[in-house]
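Engineer: Here it is, the structure, as structure tokens.
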Amino acid sequence: MKVHRHHWFVRLTHWVNVIALTVMVTSGLQIFNAYPQFNRRGESFCCYPFAGHDIPRWATFGGWLAGGRHWHFAMMWVLAINGVAYLVFLFFHGEWRDLAPRRGDVRDAWEMMKFYLFVRKHHPHQGKHNALQKFTYSALPVLGALAIVTGLAIWKPVTLAPLTNALGGYALARYWHFLIMVALVALSVMHIFMVFAVDPYSIRSIVTGAYNSERSPELRDARPFYHLFTRGQTTEDSDASA
Amino acid sequence: MHRRDFLWAGSGISMSWLLAACGSRGPKEAERVLSYATRKNEGVERALFRHTSMDETSAKWRNAGAALPSYFIAKTVPVWDTAARGPWTLEVTGLVRTPLRLTLETLQRLPRVTQRVNHYCVEGWTAVESWTGCRFSDIAHAAGVAPEAAFVDFQSFDDGYHESWDIESAMHPQTLVAYGLDGAPLAPAHGAPARVYSPVKLGYKNTKYLTRIAFLPKANGGYWSDRGYEWYGGT
């Protein structure tokens with residue numbers, strides 16, 4: 001059954017975010033390559049094992065340090081404004097209810113893990129998203145906000161000295177900014193992997209908005225690369241499962 | 001073409017565009033947007049700028065000392081040649097009531113400030129150092145700055161290296177004309193006899209080997225600013 005899954009505003013902000021985040025990460029790595037370590041001059045740094053090693057060029061954007069900076073400081077506004085617009089929309093349009101984790105979601109996430117690891121036979125019952133998705137999709141805006149806060153601290157370390165100091169000073173704030181980027185990239189890579197490996201039918205829903213509910217992972221009992229092309233049971237029959 | 005084909009073709013084209021963009025400077029057409037963003041960012045930065053926002057360092061952080069990179073654009077360390085050029089002086093000129101020519105001794109007689117602050121390099125590293133010098137604002141007051149002087153150009157004897165600043169940043173209490181580093185006279189590697197030193201600007205804005213301070217009605221670019229880095233370069 002064809003259902004309408006994503007409001008046009010959610011689809012628009014999703015794809016703007018794809019572009020903005022990609023440019024922010026790659027231009028950020030371009031900037032990082034000018035000093036690919038975290039120690040203050042004359043000090044050592046405890047917690048970065050790859051100090052002195054450049055990020056490969058294919059993962060960078062901007063061409064050179066100044067180019068990376070120009071892209072980074074321009075796209076940061078797109079990322080921030082788009083993110084705020086998305087959250088405001090979620091709040092007023094009520095979509096946050098499909099995403100915000102609630103009581104029972106920890107247990108449901110555990111059940112999803114068991115299902116993916118073949119410990120559990122059938123896909124747990126879910127709403128629009130499963131519990132693992134809800135945690136991921138709620139973590140992203142939080143990480144985005146932290147990226148902005150740590151980013152401001154290293155953009156204006158003197159003007160915003162109280163913020164930078166609260167984060168442990170410039171060198172540490174730069175490290176937090178980097179770690180948050182790593183987390184954002186990790187979740188995004190996982191998200192893309194799961195889209196292709198579990199629910200490629202959802203690509204249509206984030207482009208046109210339409211979704212074939214009979215193809216839902218729950219009805220297909222879909223694990224990564226399992227039951228990818230199986231047609232699910234009809235919605236009426238599905239209650240008997242789980 | 002069906003809508004589905006169109007979407008697949010579209011995503012294929014955008015994917016290959018993304019892959020081709022790796023490591024590149026991005027599309028040429030974007031440059032106007034980027035310089036627009038730089039101008040707008042500068043507006044935000046200048047609006048947020050306060051003379052009461054101070055750079056702070058923690059006692060737990062070590063001074064960089066010998067690990068402080070030295071940097072100049074000439075092929076060898078620029079050293080003031082007294083035999084050829086006479087004694088070094090700092091010229092204060094432009095939109096001022098009294099143009100000045102300060103010797104190192106006069107500079108050192110102005111109220112002396114020592115501050116332990118961060119050096120913020122555009123590359124992303126920082127270095128803690130103790131700088132000694134006089135406040136730029138004391139020199140400005142001594143020369144009597146005209147109200148239409150909105151910018152300051154800091155010029156050097158390092159192959160024409162210079163960087164111009166907005167006057168607000170120059171008048172910040174942590175902006176010094178520094179002649180001492182870590183309790184010793186400034187060494188040639190770090191800009192002797194005197195240099196601009198302020199944590200409110202990125203390293204490249206802090207002209208070393210200073211010879212001339214010019215008060216101007218308009219900005220005058222700078223060595224790295226003219227080569228694509230942000231002119232404002234504020235922290």
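Following the order of the structure tokens, first chain is A, next is B, and so on, with residues numbered from 1 inside each chain and ligands from 1 in the order they appear.
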What are the residues of chain A lining chain B at 8 Å or less? Count only C-alpha atoms, and put the answer as a VMD selection string.
Structural biologist: chain A and resid 31 to 32 34 to 35 38 to 43 57 to 68 70 to 71 73 to 74 155 to 161 165 169 to 171
Engineer: How would you write, as a short mmCIF file (atom, residue, chain, number, x, y, z; two decimals) with N, CA and C atoms, in the first residue's frame, the set of residues in range 43-103 of chain B that DSSP gives as helix (DSSP H, G or I)?
Structural biologist:
data_model
loop_
_atom_site.label_atom_id
_atom_site.label_comp_id
_atom_site.auth_asym_id
_atom_site.auth_seq_id
_atom_site.Cartn_x
_atom_site.Cartn_y
_atom_site.Cartn_z
N GLY B 43 31.13 41.23 9.20
CA GLY B 43 30.15 42.09 9.86
C GLY B 43 29.76 41.52 11.22
N VAL B 44 29.50 40.22 11.26
CA VAL B 44 29.14 39.57 12.52
C VAL B 44 30.30 39.67 13.51
N GLU B 45 31.52 39.39 13.02
CA GLU B 45 32.69 39.39 13.91
C GLU B 45 32.94 40.78 14.48
N ARG B 46 32.79 41.80 13.63
CA ARG B 46 33.04 43.16 14.11
C ARG B 46 31.95 43.62 15.07
N ALA B 47 30.72 43.12 14.83
CA ALA B 47 29.63 43.49 15.75
C ALA B 47 29.84 42.85 17.12
N LEU B 48 30.44 41.66 17.15
CA LEU B 48 30.64 40.97 18.43
C LEU B 48 31.91 41.41 19.14
N GLY B 65 58.10 28.37 24.02
CA GLY B 65 59.55 28.52 24.03
C GLY B 65 60.16 28.24 22.66
N ALA B 66 61.11 27.31 22.64
CA ALA B 66 61.81 27.01 21.38
C ALA B 66 60.88 26.39 20.35
N ALA B 67 59.72 25.88 20.81
CA ALA B 67 58.79 25.24 19.87
C ALA B 67 57.92 26.26 19.13
N THR B 82 71.98 48.00 10.80
CA THR B 82 72.20 49.37 11.30
C THR B 82 73.25 50.10 10.46
N ALA B 83 74.32 49.39 10.05
CA ALA B 83 75.40 50.01 9.27
C ALA B 83 74.86 50.58 7.97
N ALA B 84 73.98 49.86 7.30
CA ALA B 84 73.47 50.29 6.00
C ALA B 84 72.28 51.23 6.13
N ARG B 85 71.41 50.99 7.15
CA ARG B 85 70.14 51.72 7.18
C ARG B 85 70.03 52.70 8.34
#
Engineer: Need the shell around Phe193 in chain A: protein/DNA/RNA residues with any atom at most 12 Å away, counting only C-alpha atoms. Skip same-chain ones fewer than 5 positions apart. Format as a ChimeraX atom specification?
Structural biologist: /A:186-188,198-200,223-225
Engineer: Quick one: residues within 12 Å of Phe115 in chain A, only C-alpha atoms counted, chain neighbours fewer than 5 positions away excluded, as number ranges by chain?
Structural biologist: A: 108-110, 120-125, 130, 132, 217-218, 221-224, 226, 242
Engineer: Could you name the residues that touch Trp131 in chain B at 6 Å or less, counting only C-alpha atoms, but leaving out those on the same chain fewer than 4 positions away, as a PyMOL selection string?
Structural biologist: chain B and resi 114-115+180-181
Engineer: In Å to one decimal, how far is CA of Val196 in chain B from CA of Lys208 in chain B?
Structural biologist: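 Interatomic distance, CA of Lys208 in chain B to CA of Val196 in chain B: 6.2 Å.
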Engineer: Return the single residue from B:Lys218, B:Arg112, B:Arg39, B:His190 that is closest to Ile167 in chain B, with distances computed using only C-alpha atoms.
Structural biologist: B:Lys218
Engineer: Tell me which protein, DNA and RNA residues are within 7 Å of Gly144 in chain B, counting only C-alpha atoms, leaving out same-chain ones fewer than 6 positions away, and put them as a PyMOL selection string.
Structural biologist: chain B and resi 96-98
Engineer: Could you name the residues that touch range 148-161 of chain B at 7 Å or less, counting only C-alpha atoms, but leaving out those on the same chain fewer than 4 positions away, as a PyMOL selection string?
Structural biologist: chain B and resi 72-74+78+95+165-167+207-220+223
Engineer: Using only C-alpha atoms, can you tell me which of B:Lys205, B:Arg101, B:His172, B:Arg195 comes closest to Gly133 in chain B?
Structural biologist: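 Smallest separation from Gly133 in chain B among the options: B:Arg195.
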